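Here the structure is laid out as C-alpha cells; the discussion comes afterwards.
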Amino acid sequence: MSFIEMRNIRKDFGKNTILHGVDMDLEKGKVISIIGPSGAGKSTLLRCLNHLELIQGGSICVEGEYLAQEKDGKVVYADDVTARRILLRMGMVFQSFNLFPHMTVLDNILAAPVYVKGMKREDVIPTADALLDKVGLLNKKDVYPGSLSGGQKQRVAIARALAMNPDIMLFDEPTSALDPELTGEVLKPIQQLADENMTMAIVTHEMAFAKSVSDKVLFMVDGKVEEEGTSTQIFENPQSERTRSFLQSILR
C-alpha cells in the first residue's frame, strides 16, 4: 500500500463535476508533481486530500488510515479524532501565503504549534528560529508580513507549515503569485526538502522545477488524469497527445 492512496475521487461543485474518478498514489519520501492547464482540477485534488474540500465519491487513505471511504455509494468520513490525527500529518502551503498580517513572522510560525497542538511558546521558539534560518529569514523574525516581499512571505509560509512537523507537505502553486525573479528563492527550500526525503505533492506550473524535483508526475486535464509516470517519462517521452501538446505550449 502506498503512503497516500486516493482512489476514484469525485468532486462536485453544485451540478458540475470537477474531478472525474481521479487516482493518486504517493510513496513515503517521494515527490509527486501535479501539472496541467488551468481548470484541470489540480488544486482541487490537493484540497480534497487535506479536507478543505469534501469528496462525493472515492476514498482517501494515509498510511493505512482512511480519511474518507465510499460505502454503499456514499462517502463516509473518519470520526473527528481520526481525521484530526491524519490531517495533523499534513502541512500545506498556499499560493496566496495566508499569513496573519497582525502577527510578527515569529508569531505566525508559533501560532499552530501553540494553539493547535497546545505546545508551550518557549518550547517552540528554538524550532521556529531553526526553520527561519533554514529558509534564510531568521533576521526577519520580529517584522510583520506587510514589510516582506512575496518571496519572503512564501518562505515564511513554508517555515510555518514545517513547524507542525508534518509527514507530508502539500504545495498549491507556491510560486504563481510571485514575480519571476522571486520564484527561485521559494523553489530552493522546496528542493532542499526533497533532498531531505520529505514526502511532497506539488501543484506547479514551473516545468523545469517539476522535472528536476519529482519522482512521479501526474498530468491532469478536464478533471481527469490524462497521463502519469516518472519525471523522465512525462517530460521526455510523453505518450498522450494532450500531454505532448501541453508541454510544447508551456516549454516554448
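Residue numbering restarts at 1 in every chain; chains get A, B, ... in the order shown in the C-alpha cells, and ligands count up from 1 in that same order.
Counting only C-alpha atoms, Met220 (chain A) has the following residues at most 8 Å away, ignoring those fewer than 3 positions along the same chain: A:Ile34, A:Ile35, A:Gly36, A:Pro37, A:Ala40, A:Gly41, A:Lys42, A:Gly223, A:Lys224, A:Val225, A:Glu226, A:Glu227.
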Would you output that residue set with all heavy atoms, as a PDB file, in the first residue's frame?
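Output saved as again.pdb:
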```
ATOM      1  N   ILE A  34       1.963  17.668  -9.775  1.00  0.00           N
ATOM      2  CA  ILE A  34       0.695  17.602 -10.498  1.00  0.00           C
ATOM      3  C   ILE A  34       0.673  18.786 -11.453  1.00  0.00           C
ATOM      4  O   ILE A  34       0.693  19.945 -11.018  1.00  0.00           O
ATOM      5  CB  ILE A  34      -0.491  17.643  -9.529  1.00  0.00           C
ATOM      6  CG1 ILE A  34      -0.339  16.554  -8.457  1.00  0.00           C
ATOM      7  CG2 ILE A  34      -1.806  17.467 -10.276  1.00  0.00           C
ATOM      8  CD1 ILE A  34      -1.277  16.703  -7.276  1.00  0.00           C
ATOM      9  N   ILE A  35       0.670  18.497 -12.736  1.00  0.00           N
ATOM     10  CA  ILE A  35       0.752  19.547 -13.742  1.00  0.00           C
ATOM     11  C   ILE A  35      -0.469  19.482 -14.651  1.00  0.00           C
ATOM     12  O   ILE A  35      -1.209  18.491 -14.644  1.00  0.00           O
ATOM     13  CB  ILE A  35       2.049  19.443 -14.570  1.00  0.00           C
ATOM     14  CG1 ILE A  35       2.060  18.146 -15.396  1.00  0.00           C
ATOM     15  CG2 ILE A  35       3.280  19.518 -13.666  1.00  0.00           C
ATOM     16  CD1 ILE A  35       3.217  18.057 -16.391  1.00  0.00           C
ATOM     17  N   GLY A  36      -0.654  20.528 -15.440  1.00  0.00           N
ATOM     18  CA  GLY A  36      -1.777  20.561 -16.370  1.00  0.00           C
ATOM     19  C   GLY A  36      -2.282  21.976 -16.519  1.00  0.00           C
ATOM     20  O   GLY A  36      -1.879  22.887 -15.791  1.00  0.00           O
ATOM     21  N   PRO A  37      -3.178  22.189 -17.474  1.00  0.00           N
ATOM     22  CA  PRO A  37      -3.702  23.540 -17.718  1.00  0.00           C
ATOM     23  C   PRO A  37      -4.556  24.039 -16.563  1.00  0.00           C
ATOM     24  O   PRO A  37      -5.008  23.262 -15.715  1.00  0.00           O
ATOM     25  CB  PRO A  37      -4.540  23.357 -18.991  1.00  0.00           C
ATOM     26  CG  PRO A  37      -4.925  21.916 -18.994  1.00  0.00           C
ATOM     27  CD  PRO A  37      -3.767  21.185 -18.400  1.00  0.00           C
ATOM     28  N   ALA A  40      -7.881  22.340 -14.570  1.00  0.00           N
ATOM     29  CA  ALA A  40      -7.824  20.885 -14.724  1.00  0.00           C
ATOM     30  C   ALA A  40      -8.255  20.140 -13.470  1.00  0.00           C
ATOM     31  O   ALA A  40      -8.503  18.939 -13.516  1.00  0.00           O
ATOM     32  CB  ALA A  40      -6.408  20.455 -15.131  1.00  0.00           C
ATOM     33  N   GLY A  41      -8.300  20.848 -12.313  1.00  0.00           N
ATOM     34  CA  GLY A  41      -8.671  20.195 -11.057  1.00  0.00           C
ATOM     35  C   GLY A  41      -7.492  19.890 -10.157  1.00  0.00           C
ATOM     36  O   GLY A  41      -7.641  19.207  -9.150  1.00  0.00           O
ATOM     37  N   LYS A  42      -6.321  20.413 -10.490  1.00  0.00           N
ATOM     38  CA  LYS A  42      -5.102  20.100  -9.739  1.00  0.00           C
ATOM     39  C   LYS A  42      -5.189  20.564  -8.286  1.00  0.00           C
ATOM     40  O   LYS A  42      -4.962  19.789  -7.349  1.00  0.00           O
ATOM     41  CB  LYS A  42      -3.882  20.748 -10.425  1.00  0.00           C
ATOM     42  CG  LYS A  42      -3.743  20.447 -11.902  1.00  0.00           C
ATOM     43  CD  LYS A  42      -2.519  21.082 -12.515  1.00  0.00           C
ATOM     44  CE  LYS A  42      -2.482  22.590 -12.439  1.00  0.00           C
ATOM     45  NZ  LYS A  42      -3.573  23.232 -13.221  1.00  0.00           N
ATOM     46  N   GLY A 223     -10.306  17.567 -15.276  1.00  0.00           N
ATOM     47  CA  GLY A 223     -10.701  16.827 -14.086  1.00  0.00           C
ATOM     48  C   GLY A 223     -10.354  15.359 -14.086  1.00  0.00           C
ATOM     49  O   GLY A 223     -10.874  14.589 -13.278  1.00  0.00           O
ATOM     50  N   LYS A 224      -9.462  14.956 -15.002  1.00  0.00           N
ATOM     51  CA  LYS A 224      -9.043  13.556 -15.088  1.00  0.00           C
ATOM     52  C   LYS A 224      -7.524  13.484 -15.188  1.00  0.00           C
ATOM     53  O   LYS A 224      -6.866  14.447 -15.582  1.00  0.00           O
ATOM     54  CB  LYS A 224      -9.662  12.890 -16.327  1.00  0.00           C
ATOM     55  CG  LYS A 224     -11.179  12.888 -16.347  1.00  0.00           C
ATOM     56  CD  LYS A 224     -11.700  12.312 -17.665  1.00  0.00           C
ATOM     57  CE  LYS A 224     -13.219  12.362 -17.731  1.00  0.00           C
ATOM     58  NZ  LYS A 224     -13.740  11.877 -19.029  1.00  0.00           N
ATOM     59  N   VAL A 225      -6.995  12.310 -14.835  1.00  0.00           N
ATOM     60  CA  VAL A 225      -5.567  12.067 -15.045  1.00  0.00           C
ATOM     61  C   VAL A 225      -5.389  11.566 -16.472  1.00  0.00           C
ATOM     62  O   VAL A 225      -5.829  10.477 -16.824  1.00  0.00           O
ATOM     63  CB  VAL A 225      -5.013  11.035 -14.042  1.00  0.00           C
ATOM     64  CG1 VAL A 225      -3.544  10.734 -14.355  1.00  0.00           C
ATOM     65  CG2 VAL A 225      -5.150  11.566 -12.617  1.00  0.00           C
ATOM     66  N   GLU A 226      -4.751  12.380 -17.287  1.00  0.00           N
ATOM     67  CA  GLU A 226      -4.514  12.021 -18.676  1.00  0.00           C
ATOM     68  C   GLU A 226      -3.314  11.080 -18.803  1.00  0.00           C
ATOM     69  O   GLU A 226      -3.311  10.157 -19.609  1.00  0.00           O
ATOM     70  CB  GLU A 226      -4.268  13.287 -19.506  1.00  0.00           C
ATOM     71  CG  GLU A 226      -3.909  13.050 -20.962  1.00  0.00           C
ATOM     72  CD  GLU A 226      -5.083  12.545 -21.792  1.00  0.00           C
ATOM     73  OE1 GLU A 226      -6.244  12.638 -21.337  1.00  0.00           O
ATOM     74  OE2 GLU A 226      -4.829  12.044 -22.904  1.00  0.00           O
ATOM     75  N   GLU A 227      -2.296  11.334 -17.972  1.00  0.00           N
ATOM     76  CA  GLU A 227      -1.085  10.517 -18.053  1.00  0.00           C
ATOM     77  C   GLU A 227      -0.302  10.662 -16.756  1.00  0.00           C
ATOM     78  O   GLU A 227      -0.303  11.716 -16.130  1.00  0.00           O
ATOM     79  CB  GLU A 227      -0.221  10.961 -19.237  1.00  0.00           C
ATOM     80  CG  GLU A 227       0.980  10.064 -19.506  1.00  0.00           C
ATOM     81  CD  GLU A 227       1.691  10.383 -20.820  1.00  0.00           C
ATOM     82  OE1 GLU A 227       1.195  11.255 -21.569  1.00  0.00           O
ATOM     83  OE2 GLU A 227       2.735   9.761 -21.087  1.00  0.00           O
TER      84      GLU A 227
END
```
Point to revise | DSSP-assigned helix (DSSP H, G or I) members of region 25-103 of chain A, reported as a ChimeraX atom specification | key: /A:42-49,80-87
Exercise for review: Check the DSSP output for the backbone and give back, as a PyMOL selection string, the residues of region 28-250 of chain A in strand (DSSP E).
Suggested key: chain A and resi 31-35+57-62+65-71+74-77+90-93+168-172+199-203+216-221+224-229
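Take CA of Gly151 (chain A) and CA of Thr183 (chain A): the distance between them is 6.9 Å.
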Point to revise | Best match for closeness to Met119 (chain A) among A:Leu45, A:Met164, A:Met92, A:Leu132, counting only C-alpha atoms | key: A:Met164
Using only C-alpha atoms, I'd like a table of the residues in region 158-211 of chain A that come within 12 Å of region 241-247 of chain A; for each, show the closest atom pair and its distance in Å rounded to one decimal, ordered by chain and ascending number, as a Markdown table.
```
| residue | atom | partner | partner_atom | distance |
| --- | --- | --- | --- | --- |
| A:His205 | CA | A:Leu247 | CA | 10.5 |
| A:Glu206 | CA | A:Leu247 | CA | 11.1 |
| A:Met207 | CA | A:Leu247 | CA | 8.3 |
| A:Ala208 | CA | A:Leu247 | CA | 10.8 |
| A:Ala210 | CA | A:Leu247 | CA | 11.9 |
| A:Lys211 | CA | A:Leu247 | CA | 11.4 |
```
Could you please take those selected residues and save N, CA and C atoms as a CSV table (one decimal), in the first residue's frame?
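Done, and the output landed in selection_36.csv:
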```csv
chain,number,residue,atom,x,y,z
A,205,HIS,N,3.3,25.2,-12.1
A,205,HIS,CA,3.4,25.5,-13.5
A,205,HIS,C,4.9,25.6,-13.8
A,206,GLU,N,5.8,25.4,-12.9
A,206,GLU,CA,7.2,25.5,-13.1
A,206,GLU,C,7.7,24.1,-13.6
A,207,MET,N,7.7,24.0,-15.0
A,207,MET,CA,8.0,22.7,-15.5
A,207,MET,C,9.4,22.2,-15.3
A,208,ALA,N,10.4,23.1,-15.4
A,208,ALA,CA,11.8,22.7,-15.2
A,208,ALA,C,12.0,22.3,-13.8
A,210,ALA,N,9.6,21.0,-11.8
A,210,ALA,CA,8.8,19.7,-11.7
A,210,ALA,C,9.7,18.6,-12.2
A,211,LYS,N,10.3,18.8,-13.3
A,211,LYS,CA,11.2,17.8,-13.9
A,211,LYS,C,12.3,17.4,-13.0
```
Review point. What's the 9 Å shell around Gly21 (chain A), counting only C-alpha atoms, without same-chain residues fewer than 3 positions away, as a PyMOL selection string?
Key: chain A and resi 7-11+57-58+223-225
Review point. How many Å lie between CA of Pro238 (chain A) and CA of Met24 (chain A), rounded to one decimal?
Key: 18.3 Å
Practice item. Counting only C-alpha atoms, figure out which residue out of A:Asp107, A:Asp25, A:Lys117, A:Asp195 gets nearest to Val143 (chain A). Key: A:Asp107
Check your understanding: Skipping near chain neighbours, those fewer than 2 positions away, what residues fall within 10 Å of Asp12 (chain A) using only C-alpha atoms, listed as number ranges by chain?
Key -> A: 10, 14-20, 53-57
Could you write out that same residue set with C-alpha atoms as a PDB file, in the first residue's frame?
```pdb
ATOM      1  CA  ARG A  10     -15.108  12.561  -7.496  1.00  0.00           C
ATOM      2  CA  GLY A  14     -23.238  22.007  -7.366  1.00  0.00           C
ATOM      3  CA  LYS A  15     -24.200  20.238 -10.584  1.00  0.00           C
ATOM      4  CA  ASN A  16     -20.682  20.492 -12.010  1.00  0.00           C
ATOM      5  CA  THR A  17     -18.289  17.591 -11.557  1.00  0.00           C
ATOM      6  CA  ILE A  18     -14.731  18.910 -11.168  1.00  0.00           C
ATOM      7  CA  LEU A  19     -12.883  15.645 -10.531  1.00  0.00           C
ATOM      8  CA  HIS A  20     -13.926  12.578 -12.504  1.00  0.00           C
ATOM      9  CA  GLU A  53     -12.997  20.173   0.177  1.00  0.00           C
ATOM     10  CA  LEU A  54     -15.325  17.221   0.708  1.00  0.00           C
ATOM     11  CA  ILE A  55     -15.448  14.499  -1.918  1.00  0.00           C
ATOM     12  CA  GLN A  56     -18.616  12.991  -3.348  1.00  0.00           C
ATOM     13  CA  GLY A  57     -17.035   9.711  -4.404  1.00  0.00           C
TER      14      GLY A  57
END
```
Check your understanding: Got a sec: who's within 10 Å of Thr232 (chain A), counting only C-alpha atoms, leaving out chain neighbours fewer than 2 positions off, as a list in words?
Key ->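 The neighbour list is Lys211, Ser212, Ser214, Asp215, Lys216, Val217, Gly229, Thr230, Ile234, Phe235, Glu236, Asn237 and Pro238 of chain A.
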Check your understanding: Given the choices A:Asn197, A:Gln192, A:Ser96, A:Thr204, which gets closest to Phe171 (chain A) if the distance is worked out from only C-alpha atoms?
Key ->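 The shortest atom-to-atom distance to Phe171 (chain A) comes from A:Thr204.
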Review point. If you count only C-alpha atoms, which residues fall within 9 Å of Ile86 (chain A), apart from same-chain ones fewer than 2 positions away, as an MDAnalysis selection string?
Key: chainID A and resid 50 62 65:67 81:84 88:90
